[in-house]
Each structure stands twice: as structure tokens, then as C-alpha cells.
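Report on the following structure.
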Amino acid sequence: MINYKEFLDYHEKNLVVHENPYQHLHLNDFLPGDFINSVAKDFIIPRNLKKNDAMFQKTKQAFNILEEFPKNIKELVHYLHSREFINILERKFKLTGLVSDPLMQGGGMHQSGTGGYLKIHSDFIYLKKRKLKRRINLLLYLNDTWNKNWNGALELWDQKMENNFLKIYPQINNCVMFRTDLESNHGFPEPLECPSDIFRKSLAIYYYTEDKGLFKFRKYYFARWKKRPNQSEPKFGDNQSLLRKIINKYLIRLD
């Protein structure tokens with residue numbers, strides 16, 4: 001069981017946000033004590049989900065029905081959604097009005113298997129019809145064994161896709177947070193070479209602020225895929241028709 005006071009005191013002290021090239025932090029030991037081991041042991045996606053095999057991501061499975069999460073993972077999510085923890089994030093990231101997403105759209109329990117990858121991208125900014133603007137990503141890794149030769153490191157890239165300024169392997173209790181801006185580029189682009197019975201496991205939590213603006217470009221409702229320098233890779237729109245490219249680039253959505 002989570003000791004809220006212990007966890008809150010620990011996070012107030014240890015979460016240190018770096019401002020450049022955009023707000024981000026990395027903590028090797030995100031959760032104090034032994035609770036993280038119970039979370040990692042609990043990490044079994046409760047349904048046989050279809051794997052996502054596409055141009056930009058491969059083998060990824062995601063499960064976001066909080067009521068069906070394993071016990072310890074559900075307890076952890078409740079803590080990360082708590083007003084007390086969100087207050088800490090507001091102070092650290094200099095934000096106000098921050099809220100969690102109980103529906104965990106796009107978030108939750110994520111895993112990828114051998115051959116899988118997630119190309120570099122910046123995330124969707126707005127949730128359709130919910131008047132919410134995405135502000136912070138929290139990614140907590142849960143592999144008690146991970147060999148760096150298997151690839152799988154999360155890479156954070158600067159806004160111009162010139163510098164990979166942070167590279168974090170998915171070892172248990174590694175946590176990365178960053179502001180979800182238009183160019184907060186990240187992913188694990190190299191195919192996983194782990195054994196077939198081992199998966200790259202993470203918990204993804206996203207935070208939002210209310211946004212009542214009516215006019216938003218359609219492209220901000222989707223992940224925007226990026227090309228690394230000197231790499232032959234697809235980029236945003238390469239899997240779309242010419243008409244769809246024009247719509248996403250120029251059309252404004254009315255909510």
C-alpha cells in the first residue's frame with residue numbers, strides 16, 4: 001500500500017525539472033521503497049490485445065481501462081492522479097489548473113515485443129470534444145531485466161530534430177516526464193531485439209489543462225512523426241493521401 005505522505009515528501013524533494021530545450025525531468029528511482037517491485041510483478045495486460053503494426057509503430061499494445069488494472073498498478077495510478085501529486089507537478093512545471101485523465105486516452109499500460117519500435121514524434125495536443133489541452137507526459141518503466149543491446153531506450157530530441165539530448169533505457173523505476181508541446185519529440189526508434197518472451201513495459205500518465213478555445217489546427221489532434229537526421233525514415237503525413245495532408249496542414253477544427 002502506498003504511504004501518501006512518504007511518496008509526496010519524496011517527490012517534492014526529488015523531482016527536478018530542467019528547462020532546456022523544453023521542460024523535462026528524469027529520475028532513476030521514481031518510487032521510494034519496495035512498492036515498485038509489486039507494481040512490476042503485477043504488470044500483466046489482462047486482455048489479449050491486437051498489436052499495432054504500422055509505419056510508425058510496431059507490436060505496441062496498450063490497455064487503458066483503469067477499473068480492470070491489476071491491484072497495485074491501479075493503486076499507483078490513483079496516487080499519480082491524486083490532487084496532492086498534481087499540486088507538486090504544478091509547482092515543478094510552473095502550471096496551474098492541471099488535471100488528470102480518468103479515461104487515460106492514449107495512456108495506461110503499454111508494452112512492445114521483439115521487433116517493435118515507436119518512431120520519434122510529438123504527441124497530440126488536444127482531446128477531441130473534451131476541451132482539454134495536453135501538458136505533461138509521465139512515463140514509468142517496469143522492466144526488472146533489460147539489456148541495452150536489446151535497444152528500447154526512450155530518446156528525447158530537441159525541437160529542430162538536431163540533438164538527442166536524453167536517452168533512457170526501460171529499467172524498473174526509471175521515470176521520465178516532459179512538457180507536451182508542439183515539438184517535444186520522443187520515441188524509441190530502433191527495433192527491439194529482446195527475446196520473444198520479454199516485453200518493454202511502461203505506464204503512461206498524461207496531464208491536461210482546460211482549453212476553451214474554438215479554433216485549432218486538425219494536425220494538433222494527432223501524433224506528428226519526425227525524421228531523425230541522416231536516417232531514411234517516414235515522417236508525418238507519409239502514410240496519408242495528398243488530400244488528407246492538405247486537410248491536416250491547413251484545416252482548422254471547430255470544437
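Following the order of the C-alpha cells, first chain is A, next is B, and so on, with residues numbered from 1 inside each chain and ligands from 1 in the order they appear.
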At most 10 Å is the cut-off: for each residue in range 50-70 of chain A with any atom that close to an atom of range 169-193 of chain A, write down the nearest atom pair and the distance in Å rounded to one decimal, counting only C-alpha atoms, chain first then increasing number, as a Markdown table.
```
| residue | atom | partner | partner_atom | distance |
| --- | --- | --- | --- | --- |
| A:Phe56 | CA | A:Pro189 | CA | 8.8 |
| A:Gln57 | CA | A:Pro189 | CA | 8.6 |
| A:Lys58 | CA | A:Pro191 | CA | 8.6 |
| A:Thr59 | CA | A:Leu192 | CA | 9.8 |
```
Could you save those same residues with C-alpha atoms as a tab-separated table (two decimals), in the first residue's frame?
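Output below, filename selection_10.tsv:
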```
chain	number	residue	atom	x	y	z
A	56	PHE	CA	5.42	4.46	-37.34
A	57	GLN	CA	4.96	1.97	-34.51
A	58	LYS	CA	5.09	-1.79	-34.34
A	59	THR	CA	4.00	-4.50	-31.87
```
Once DSSP has gone over the backbone, tell me which residues of range 46-189 of chain A are in alpha helix (DSSP H), as a list of chain:residue names.
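Written out, the alpha helix (DSSP H) residues of range 46-189 of chain A are A:Lys71, A:Asn72, A:Ile73, A:Lys74, A:Glu75, A:Leu76, A:Val77, A:His78, A:Tyr79, A:Leu80, A:Arg83, A:Glu84, A:Phe85, A:Ile86, A:Asn87, A:Ile88, A:Leu89, A:Glu90, A:Arg91, A:Lys92, A:Phe93.
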Residues from last step as file, N, CA and C atoms, as a PDB file, in the first residue's frame:
```pdb
ATOM      1  N   LYS A  71      -4.202  -4.811  -9.205  1.00  0.00           N
ATOM      2  CA  LYS A  71      -4.408  -4.064  -7.955  1.00  0.00           C
ATOM      3  C   LYS A  71      -3.332  -3.006  -7.697  1.00  0.00           C
ATOM      4  N   ASN A  72      -2.055  -3.389  -7.731  1.00  0.00           N
ATOM      5  CA  ASN A  72      -1.002  -2.439  -7.365  1.00  0.00           C
ATOM      6  C   ASN A  72      -0.827  -1.341  -8.408  1.00  0.00           C
ATOM      7  N   ILE A  73      -1.048  -1.673  -9.680  1.00  0.00           N
ATOM      8  CA  ILE A  73      -0.954  -0.649 -10.719  1.00  0.00           C
ATOM      9  C   ILE A  73      -2.108   0.337 -10.586  1.00  0.00           C
ATOM     10  N   LYS A  74      -3.282  -0.160 -10.282  1.00  0.00           N
ATOM     11  CA  LYS A  74      -4.432   0.722 -10.073  1.00  0.00           C
ATOM     12  C   LYS A  74      -4.173   1.673  -8.899  1.00  0.00           C
ATOM     13  N   GLU A  75      -3.610   1.136  -7.815  1.00  0.00           N
ATOM     14  CA  GLU A  75      -3.310   1.982  -6.656  1.00  0.00           C
ATOM     15  C   GLU A  75      -2.293   3.058  -7.016  1.00  0.00           C
ATOM     16  N   LEU A  76      -1.291   2.691  -7.805  1.00  0.00           N
ATOM     17  CA  LEU A  76      -0.296   3.675  -8.228  1.00  0.00           C
ATOM     18  C   LEU A  76      -0.927   4.755  -9.093  1.00  0.00           C
ATOM     19  N   VAL A  77      -1.787   4.371 -10.017  1.00  0.00           N
ATOM     20  CA  VAL A  77      -2.445   5.366 -10.882  1.00  0.00           C
ATOM     21  C   VAL A  77      -3.289   6.311 -10.041  1.00  0.00           C
ATOM     22  N   HIS A  78      -3.993   5.796  -9.051  1.00  0.00           N
ATOM     23  CA  HIS A  78      -4.786   6.674  -8.177  1.00  0.00           C
ATOM     24  C   HIS A  78      -3.883   7.702  -7.483  1.00  0.00           C
ATOM     25  N   TYR A  79      -2.712   7.271  -7.066  1.00  0.00           N
ATOM     26  CA  TYR A  79      -1.768   8.221  -6.463  1.00  0.00           C
ATOM     27  C   TYR A  79      -1.326   9.264  -7.485  1.00  0.00           C
ATOM     28  N   LEU A  80      -0.967   8.820  -8.688  1.00  0.00           N
ATOM     29  CA  LEU A  80      -0.488   9.754  -9.713  1.00  0.00           C
ATOM     30  C   LEU A  80      -1.591  10.679 -10.204  1.00  0.00           C
ATOM     31  N   ARG A  83      -4.903  14.760  -6.241  1.00  0.00           N
ATOM     32  CA  ARG A  83      -4.725  16.215  -6.224  1.00  0.00           C
ATOM     33  C   ARG A  83      -3.398  16.591  -5.577  1.00  0.00           C
ATOM     34  N   GLU A  84      -2.984  15.827  -4.575  1.00  0.00           N
ATOM     35  CA  GLU A  84      -1.732  16.152  -3.877  1.00  0.00           C
ATOM     36  C   GLU A  84      -0.520  15.999  -4.800  1.00  0.00           C
ATOM     37  N   PHE A  85      -0.488  14.918  -5.587  1.00  0.00           N
ATOM     38  CA  PHE A  85       0.633  14.734  -6.512  1.00  0.00           C
ATOM     39  C   PHE A  85       0.575  15.759  -7.640  1.00  0.00           C
ATOM     40  N   ILE A  86      -0.617  16.027  -8.147  1.00  0.00           N
ATOM     41  CA  ILE A  86      -0.754  17.011  -9.224  1.00  0.00           C
ATOM     42  C   ILE A  86      -0.317  18.395  -8.742  1.00  0.00           C
ATOM     43  N   ASN A  87      -0.572  18.718  -7.481  1.00  0.00           N
ATOM     44  CA  ASN A  87      -0.103  20.003  -6.949  1.00  0.00           C
ATOM     45  C   ASN A  87       1.419  20.120  -7.048  1.00  0.00           C
ATOM     46  N   ILE A  88       2.123  19.011  -6.785  1.00  0.00           N
ATOM     47  CA  ILE A  88       3.579  19.015  -6.922  1.00  0.00           C
ATOM     48  C   ILE A  88       3.973  19.275  -8.368  1.00  0.00           C
ATOM     49  N   LEU A  89       3.310  18.602  -9.308  1.00  0.00           N
ATOM     50  CA  LEU A  89       3.621  18.815 -10.724  1.00  0.00           C
ATOM     51  C   LEU A  89       3.379  20.261 -11.129  1.00  0.00           C
ATOM     52  N   GLU A  90       2.324  20.856 -10.627  1.00  0.00           N
ATOM     53  CA  GLU A  90       2.050  22.256 -10.958  1.00  0.00           C
ATOM     54  C   GLU A  90       3.184  23.160 -10.492  1.00  0.00           C
ATOM     55  N   ARG A  91       3.688  22.911  -9.300  1.00  0.00           N
ATOM     56  CA  ARG A  91       4.791  23.740  -8.804  1.00  0.00           C
ATOM     57  C   ARG A  91       6.065  23.491  -9.607  1.00  0.00           C
ATOM     58  N   LYS A  92       6.346  22.239  -9.898  1.00  0.00           N
ATOM     59  CA  LYS A  92       7.595  21.905 -10.583  1.00  0.00           C
ATOM     60  C   LYS A  92       7.593  22.394 -12.027  1.00  0.00           C
ATOM     61  N   PHE A  93       6.460  22.263 -12.716  1.00  0.00           N
ATOM     62  CA  PHE A  93       6.387  22.639 -14.127  1.00  0.00           C
ATOM     63  C   PHE A  93       5.814  24.034 -14.345  1.00  0.00           C
TER      64      PHE A  93
END
```
May I have a table of the residues of range 133-155 of chain A lying at most 10 Å from range 6-27 of chain A, giving each one's closest pair of atoms and their distance in Å to one decimal, counting only C-alpha atoms, ordered by chain and ascending residue number, as CSV?
```
residue,atom,partner,partner_atom,distance
A:Ile136,CA,A:His24,CA,9.1
A:Asn137,CA,A:His24,CA,9.3
A:Leu138,CA,A:Leu25,CA,9.6
A:Leu139,CA,A:His26,CA,9.7
A:Leu140,CA,A:Leu27,CA,9.6
```
Residues near Leu103 in chain A, cut-off 10 Å, only C-alpha atoms, skip fewer than 4 positions along chain, as a ChimeraX atom specification
/A:64-66,107-108
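Taking only C-alpha atoms into account, Ala204 in chain A lies nearest to A:Gly106 out of the set A:Gly152, A:Gly115, A:Gly106, A:Pro46.
Interatomic distance, CA of Asn147 in chain A to CA of Cys194 in chain A: 7.9 Å.
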